[in-house]
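Pasting query04.pdb here (PDB, C-alpha atoms):
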ATOM      1  CA  GLU A   1      20.348  14.319   3.367
ATOM      2  CA  ALA A   2      17.359  16.296   4.653
ATOM      3  CA  LYS A   3      19.229  18.063   7.484
ATOM      4  CA  THR A   4      22.088  19.439   5.417
ATOM      5  CA  GLY A   5      20.766  19.346   1.850
ATOM      6  CA  ARG A   6      23.897  17.403   0.893
ATOM      7  CA  GLU A   7      23.597  15.028  -2.062
ATOM      8  CA  LEU A   8      24.274  11.451  -0.956
ATOM      9  CA  LEU A   9      23.632   9.387  -4.061
ATOM     10  CA  VAL A  10      22.804   9.727  -7.751
ATOM     11  CA  LEU A  11      20.900   6.887  -9.399
ATOM     12  CA  LYS A  12      21.602   6.612 -13.112
ATOM     13  CA  GLY A  13      20.683   4.409 -16.011
ATOM     14  CA  GLN A  14      16.900   4.579 -16.089
ATOM     15  CA  ALA A  15      15.387   4.660 -19.562
ATOM     16  CA  ARG A  16      12.870   7.428 -18.832
ATOM     17  CA  ALA A  17      12.331  10.113 -16.264
ATOM     18  CA  GLU A  18      10.912   9.031 -12.937
ATOM     19  CA  SER A  19       7.468  10.490 -12.366
ATOM     20  CA  ARG A  20       7.011   9.358  -8.736
ATOM     21  CA  VAL A  21       9.244   7.913  -6.025
ATOM     22  CA  GLN A  22       8.622   6.379  -2.599
ATOM     23  CA  PHE A  23      11.099   5.195   0.044
ATOM     24  CA  SER A  24      10.567   2.008   2.011
ATOM     25  CA  PRO A  25      10.052   2.712   5.751
ATOM     26  CA  ASP A  26      13.644   1.704   6.558
ATOM     27  CA  GLY A  27      14.981   4.008   3.832
ATOM     28  CA  ARG A  28      16.927   1.217   2.124
ATOM     29  CA  GLN A  29      14.777   0.780  -0.990
ATOM     30  CA  LEU A  30      13.322   3.313  -3.366
ATOM     31  CA  LEU A  31      10.312   2.606  -5.548
ATOM     32  CA  ALA A  32      10.614   4.660  -8.731
ATOM     33  CA  ILE A  33       7.700   4.817 -11.158
ATOM     34  CA  SER A  34       8.758   5.875 -14.635
ATOM     35  CA  SER A  35       6.834   7.694 -17.318
ATOM     36  CA  ASP A  36       7.442   4.727 -19.658
ATOM     37  CA  GLY A  37       5.083   2.489 -17.641
ATOM     38  CA  THR A  38       7.715   0.684 -15.583
ATOM     39  CA  ALA A  39       8.430   0.646 -11.882
ATOM     40  CA  HIS A  40      11.828  -0.116 -10.418
ATOM     41  CA  VAL A  41      12.820  -1.043  -6.887
ATOM     42  CA  LEU A  42      16.302   0.277  -6.171
ATOM     43  CA  ASP A  43      18.592  -0.502  -3.251
ATOM     44  CA  VAL A  44      19.882   2.935  -2.271
ATOM     45  CA  THR A  45      22.372   1.580   0.267
ATOM     46  CA  THR A  46      24.465  -0.013  -2.481
ATOM     47  CA  ALA A  47      23.502   2.456  -5.229
ATOM     48  CA  GLY A  48      22.342  -0.465  -7.296
ATOM     49  CA  GLN A  49      19.116  -1.546  -8.873
ATOM     50  CA  LEU A  50      17.563  -4.738  -7.644
ATOM     51  CA  PRO A  51      17.101  -7.168 -10.546
ATOM     52  CA  THR A  52      13.401  -6.407 -10.889
ATOM     53  CA  GLN A  53      11.361  -4.388 -13.330
ATOM     54  CA  PHE A  54       7.603  -4.184 -13.511
ATOM     55  CA  PHE A  55       5.662  -3.320 -16.638
ATOM     56  CA  ALA A  56       2.152  -1.932 -16.974
ATOM     57  CA  TYR A  57       0.161  -1.199 -20.096
ATOM     58  CA  GLY A  58      -0.299   2.536 -20.065
ATOM     59  CA  GLY A  59       1.452   3.043 -16.730
ATOM     60  CA  PHE A  60       0.550   2.857 -13.082
ATOM     61  CA  SER A  61      -2.152   4.902 -11.377
ATOM     62  CA  TRP A  62      -0.286   4.239  -8.137
ATOM     63  CA  ALA A  63       2.069   1.702  -6.586
ATOM     64  CA  VAL A  64       3.010   0.895  -3.000
ATOM     65  CA  LEU A  65       5.991  -1.038  -1.645
ATOM     66  CA  SER A  66       5.623  -3.144   1.513
ATOM     67  CA  PRO A  67       7.775  -2.111   4.509
ATOM     68  CA  ASP A  68       9.887  -5.256   4.200
ATOM     69  CA  ALA A  69      10.274  -4.621   0.419
ATOM     70  CA  ARG A  70       8.885  -8.090  -0.281
ATOM     71  CA  TRP A  71       5.695  -7.016  -2.092
ATOM     72  CA  LEU A  72       4.804  -4.362  -4.615
ATOM     73  CA  VAL A  73       1.141  -3.632  -5.312
ATOM     74  CA  THR A  74       0.279  -1.665  -8.438
ATOM     75  CA  ALA A  75      -2.913  -0.196  -9.814
ATOM     76  CA  ILE A  76      -3.297   0.188 -13.546
ATOM     77  CA  SER A  77      -5.989   2.361 -15.042
ATOM     78  CA  ALA A  78      -5.776   2.495 -18.813
ATOM     79  CA  PRO A  79      -8.242   2.245 -21.696
ATOM     80  CA  ASN A  80      -7.366  -1.405 -22.264
ATOM     81  CA  GLU A  81      -6.910  -2.508 -18.645
ATOM     82  CA  THR A  82      -7.995  -1.697 -15.097
ATOM     83  CA  ALA A  83      -6.414  -3.947 -12.509
ATOM     84  CA  MET A  84      -4.515  -4.206  -9.276
ATOM     85  CA  ARG A  85      -1.620  -6.635  -9.080
ATOM     86  CA  ALA A  86       0.590  -7.944  -6.309
ATOM     87  CA  TRP A  87       4.216  -8.542  -7.330
ATOM     88  CA  ASP A  88       7.031 -10.484  -5.697
ATOM     89  CA  VAL A  89       9.892  -7.974  -5.584
ATOM     90  CA  ALA A  90      12.675 -10.594  -5.489
ATOM     91  CA  SER A  91      11.540 -12.336  -8.677
ATOM     92  CA  GLY A  92       9.820  -9.391 -10.381
ATOM     93  CA  ARG A  93       6.827 -11.610 -11.176
ATOM     94  CA  ALA A  94       3.165 -10.773 -10.723
ATOM     95  CA  ILE A  95       1.800 -13.272  -8.191
ATOM     96  CA  LYS A  96      -1.823 -12.179  -7.946
ATOM     97  CA  THR A  97      -4.316 -10.053  -9.843
ATOM     98  CA  LEU A  98      -6.626  -8.575  -7.226
ATOM     99  CA  ASP A  99     -10.324  -8.440  -8.015
ATOM    100  CA  ALA A 100     -10.766  -4.897  -6.717
ATOM    101  CA  PHE A 101      -9.629  -1.471  -7.747
ATOM    102  CA  TRP A 102      -8.666   1.045  -5.066
ATOM    103  CA  GLY A 103      -7.727   4.700  -5.184
ATOM    104  CA  TYR A 104      -4.779   4.020  -2.862
ATOM    105  CA  ALA A 105      -3.453   1.370  -0.480
ATOM    106  CA  ARG A 106      -0.955   1.013   2.335
ATOM    107  CA  PHE A 107       0.668  -1.920   4.085
ATOM    108  CA  SER A 108       0.688  -2.594   7.818
ATOM    109  CA  SER A 109       4.090  -2.010   9.428
ATOM    110  CA  ASP A 110       4.775  -5.770   9.470
ATOM    111  CA  SER A 111       3.785  -6.131   5.752
ATOM    112  CA  ARG A 112       1.102  -8.672   6.704
ATOM    113  CA  TRP A 113      -1.938  -6.597   5.734
ATOM    114  CA  LEU A 114      -2.760  -4.506   2.688
ATOM    115  CA  VAL A 115      -5.400  -1.891   3.445
ATOM    116  CA  GLY A 116      -7.110   0.205   0.770
ATOM    117  CA  ASN A 117     -10.093   2.403   0.091
ATOM    118  CA  GLY A 118     -12.317   0.137  -1.975
ATOM    119  CA  ASP A 119     -16.026   0.517  -2.514
ATOM    120  CA  LEU A 120     -17.025  -2.723  -0.813
ATOM    121  CA  GLU A 121     -16.261  -3.781   2.765
ATOM    122  CA  GLN A 122     -14.800  -7.113   1.711
ATOM    123  CA  ASP A 123     -12.314  -5.417  -0.621
ATOM    124  CA  ILE A 124     -10.738  -3.133   1.968
ATOM    125  CA  ILE A 125      -8.200  -5.434   3.641
ATOM    126  CA  ARG A 126      -6.089  -8.230   2.158
ATOM    127  CA  ASP A 127      -4.001 -10.777   4.057
ATOM    128  CA  THR A 128      -0.642 -10.969   2.246
ATOM    129  CA  ALA A 129      -0.173 -14.591   3.340
ATOM    130  CA  ASN A 130      -2.751 -15.613   0.705
ATOM    131  CA  TRP A 131      -3.988 -12.263  -0.737
ATOM    132  CA  GLN A 132      -7.555 -13.086   0.328
ATOM    133  CA  SER A 133     -10.014 -10.420   1.460
ATOM    134  CA  VAL A 134     -10.748  -9.954   5.144
ATOM    135  CA  PRO A 135     -14.454  -9.203   5.669
ATOM    136  CA  LEU A 136     -15.364  -6.147   7.730
ATOM    137  CA  PRO A 137     -18.710  -5.426   9.399
ATOM    138  CA  GLN A 138     -18.900  -2.095   7.549
ATOM    139  CA  ARG A 139     -16.837   0.172   5.334
ATOM    140  CA  PRO A 140     -13.927   1.974   7.047
ATOM    141  CA  ILE A 141     -13.917   5.755   6.977
ATOM    142  CA  SER A 142     -10.256   6.082   8.004
ATOM    143  CA  VAL A 143      -7.171   3.851   8.253
ATOM    144  CA  SER A 144      -4.236   4.331  10.628
ATOM    145  CA  PRO A 145      -0.856   5.313   9.143
ATOM    146  CA  ASP A 146       0.609   1.868   9.812
ATOM    147  CA  GLY A 147      -2.451   0.026   8.466
ATOM    148  CA  THR A 148      -3.183  -1.826  11.723
ATOM    149  CA  LEU A 149      -6.395   0.008  12.696
ATOM    150  CA  ALA A 150      -9.482   1.104  10.787
ATOM    151  CA  ALA A 151     -12.211   3.468  11.968
ATOM    152  CA  LEU A 152     -15.620   2.002  11.115
ATOM    153  CA  GLY A 153     -18.922   3.751  11.303
ATOM    154  CA  PRO A 154     -20.825   5.499  12.412
ATOM    155  CA  GLY A 155     -23.617   3.236  11.113
ATOM    156  CA  LEU A 156     -26.818   2.630  13.058
ATOM    157  CA  SER A 157     -25.060   2.737  16.433
ATOM    158  CA  ASN A 158     -24.057   6.380  15.836
ATOM    159  CA  ARG A 159     -20.601   5.460  17.156
ATOM    160  CA  ILE A 160     -17.182   5.127  15.604
ATOM    161  CA  ARG A 161     -15.722   1.650  16.092
ATOM    162  CA  ILE A 162     -11.986   0.971  15.891
ATOM    163  CA  TRP A 163     -11.229  -2.265  14.048
ATOM    164  CA  ASP A 164      -7.997  -4.146  14.844
ATOM    165  CA  VAL A 165      -6.877  -5.551  11.483
ATOM    166  CA  ALA A 166      -4.719  -8.403  12.864
ATOM    167  CA  ALA A 167      -7.276  -9.536  15.447
ATOM    168  CA  GLN A 168     -10.105  -9.059  12.928
ATOM    169  CA  ALA A 169     -12.253  -7.629  15.691
ATOM    170  CA  VAL A 170     -13.495  -4.340  17.090
ATOM    171  CA  ALA A 171     -10.924  -3.049  19.574
ATOM    172  CA  THR A 172     -13.012  -0.210  21.008
ATOM    173  CA  GLY A 173     -15.972   2.055  20.362
ATOM    174  CA  LEU A 174     -16.063   5.828  20.543
ATOM    175  CA  PRO A 175     -19.265   7.760  21.349
ATOM    176  CA  ILE A 176     -18.559  10.328  18.671
ATOM    177  CA  THR A 177     -19.520  10.731  15.042
ATOM    178  CA  PRO A 178     -16.871  12.785  13.251
ATOM    179  CA  THR A 179     -17.411  13.124   9.531
ATOM    180  CA  ASN A 180     -13.759  12.646   8.565
ATOM    181  CA  PRO A 181     -11.695  11.085  11.374
ATOM    182  CA  VAL A 182      -7.907  10.957  11.036
ATOM    183  CA  PHE A 183      -5.487   8.854  13.082
ATOM    184  CA  SER A 184      -2.433  10.475  14.642
ATOM    185  CA  PRO A 185       0.922   9.456  13.076
ATOM    186  CA  ASP A 186       1.715   7.163  16.042
ATOM    187  CA  ASN A 187      -1.786   5.522  16.083
ATOM    188  CA  ALA A 188      -2.313   6.692  19.685
ATOM    189  CA  TYR A 189      -5.246   8.990  18.803
TER     190      TYR A 189
END

Mind turning this structure into structure tokens?
Amino acid sequence: EAKTGRELLVLKGQARAESRVQFSPDGRQLLAISSDGTAHVLDVTTAGQLPTQFFAYGGFSWAVLSPDARWLVTAISAPNETAMRAWDVASGRAIKTLDAFWGYARFSSDSRWLVGNGDLEQDIIRDTANWQSVPLPQRPISVSPDGTLAALGPGLSNRIRIWDVAAQAVATGLPITPTNPVFSPDNAY
């Protein structure tokens, strides 16, 4: 418990030490990436492990859990494999190998969109309904914390454009050209 520092729960039984952990937005699930190349999704409200385990040759570069804990996306960077995969958390099965490799990714708050920092515009946003790419008019230079907005530009117009991921359209333009724009935590700025 962050306020008091009181221990609430101890998770036991993992084969190896956890190297990275990430809570789901509702705080009910915990994604634990182990040094042995596995990732586990644990239900911290019942102190139990969900019946899923994910394996990667050589381990994960990164992994991200969707807010609804339905999807897990992993990136593997090893001598014998470089790939991104989407997993169904309930079954523990890989459902899609993505044809891009990103340095990181995040889901929109409704888990509908996966947004990453790929090298090509068409590899930046994926629709989780079918895992297909959503084309953008140009590469985003920043993504909002909830994955619903992307700052595009400045391009030839010398303006930053704000792209609405769900509408797949420019929401507004800003007559500024910051070199490294950052969205506020609530997406308001």

If the PyMOL selection byres ((chain A and resi 22) around 10) is run on the structure shown, which residues does it catch, given as an mmCIF file with C-alpha atoms, in the coordinates of the input?
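Output file part-v6.cif follows:
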data_model
loop_
_atom_site.group_PDB
_atom_site.id
_atom_site.type_symbol
_atom_site.label_atom_id
_atom_site.label_comp_id
_atom_site.auth_asym_id
_atom_site.auth_seq_id
_atom_site.Cartn_x
_atom_site.Cartn_y
_atom_site.Cartn_z
ATOM 1 C CA ARG A 20 7.011 9.358 -8.736
ATOM 2 C CA VAL A 21 9.244 7.913 -6.025
ATOM 3 C CA PHE A 23 11.099 5.195 0.044
ATOM 4 C CA SER A 24 10.567 2.008 2.011
ATOM 5 C CA PRO A 25 10.052 2.712 5.751
ATOM 6 C CA GLY A 27 14.981 4.008 3.832
ATOM 7 C CA GLN A 29 14.777 0.780 -0.990
ATOM 8 C CA LEU A 30 13.322 3.313 -3.366
ATOM 9 C CA LEU A 31 10.312 2.606 -5.548
ATOM 10 C CA ALA A 32 10.614 4.660 -8.731
ATOM 11 C CA ILE A 33 7.700 4.817 -11.158
ATOM 12 C CA VAL A 41 12.820 -1.043 -6.887
ATOM 13 C CA ALA A 63 2.069 1.702 -6.586
ATOM 14 C CA VAL A 64 3.010 0.895 -3.000
ATOM 15 C CA LEU A 65 5.991 -1.038 -1.645
#

Atom CA of Ala150 of chain A and atom CA of Trp163 of chain A, how far apart in Å? 5.0 Å

Which value, in Å to one decimal, gives the distance between atom CA of Ile162 of chain A and atom CA of Gln132 of chain A? 21.4 Å

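Ranking A:Ser109, A:Thr128, A:Ser34, A:Thr46 by their shortest atom-to-atom distance to Trp71 of chain A, with all atoms listed in the file included, puts A:Thr128 first.
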
Report the residues retrieved by the PyMOL selection byres ((chain A and resi 83-91) around 7) from the displayed file, expressed as a VMD selection string. chain A and resid 52 69 to 77 81 to 82 92 to 98 100 to 101

Mind dumping the selected residues with C-alpha atoms as an mmCIF file, keeping the file's coordinate frame?
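Generated file (selection06.cif):
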data_model
loop_
_atom_site.group_PDB
_atom_site.id
_atom_site.type_symbol
_atom_site.label_atom_id
_atom_site.label_comp_id
_atom_site.auth_asym_id
_atom_site.auth_seq_id
_atom_site.Cartn_x
_atom_site.Cartn_y
_atom_site.Cartn_z
ATOM 1 C CA THR A 52 13.401 -6.407 -10.889
ATOM 2 C CA ALA A 69 10.274 -4.621 0.419
ATOM 3 C CA ARG A 70 8.885 -8.090 -0.281
ATOM 4 C CA TRP A 71 5.695 -7.016 -2.092
ATOM 5 C CA LEU A 72 4.804 -4.362 -4.615
ATOM 6 C CA VAL A 73 1.141 -3.632 -5.312
ATOM 7 C CA THR A 74 0.279 -1.665 -8.438
ATOM 8 C CA ALA A 75 -2.913 -0.196 -9.814
ATOM 9 C CA ILE A 76 -3.297 0.188 -13.546
ATOM 10 C CA SER A 77 -5.989 2.361 -15.042
ATOM 11 C CA GLU A 81 -6.910 -2.508 -18.645
ATOM 12 C CA THR A 82 -7.995 -1.697 -15.097
ATOM 13 C CA GLY A 92 9.820 -9.391 -10.381
ATOM 14 C CA ARG A 93 6.827 -11.610 -11.176
ATOM 15 C CA ALA A 94 3.165 -10.773 -10.723
ATOM 16 C CA ILE A 95 1.800 -13.272 -8.191
ATOM 17 C CA LYS A 96 -1.823 -12.179 -7.946
ATOM 18 C CA THR A 97 -4.316 -10.053 -9.843
ATOM 19 C CA LEU A 98 -6.626 -8.575 -7.226
ATOM 20 C CA ALA A 100 -10.766 -4.897 -6.717
ATOM 21 C CA PHE A 101 -9.629 -1.471 -7.747
#

Return the single residue from A:Leu114, A:Val44, A:Leu9, A:Ala105 that is closest to Val134 of chain A, with distances computed using only C-alpha atoms.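 Using only C-alpha atoms, Val134 of chain A sits closest to A:Leu114.
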
Can you work out the spacing between atom CA of Ser142 of chain A and atom CA of Ser61 of chain A in Å, to one decimal?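 It comes out at 21.0 Å.
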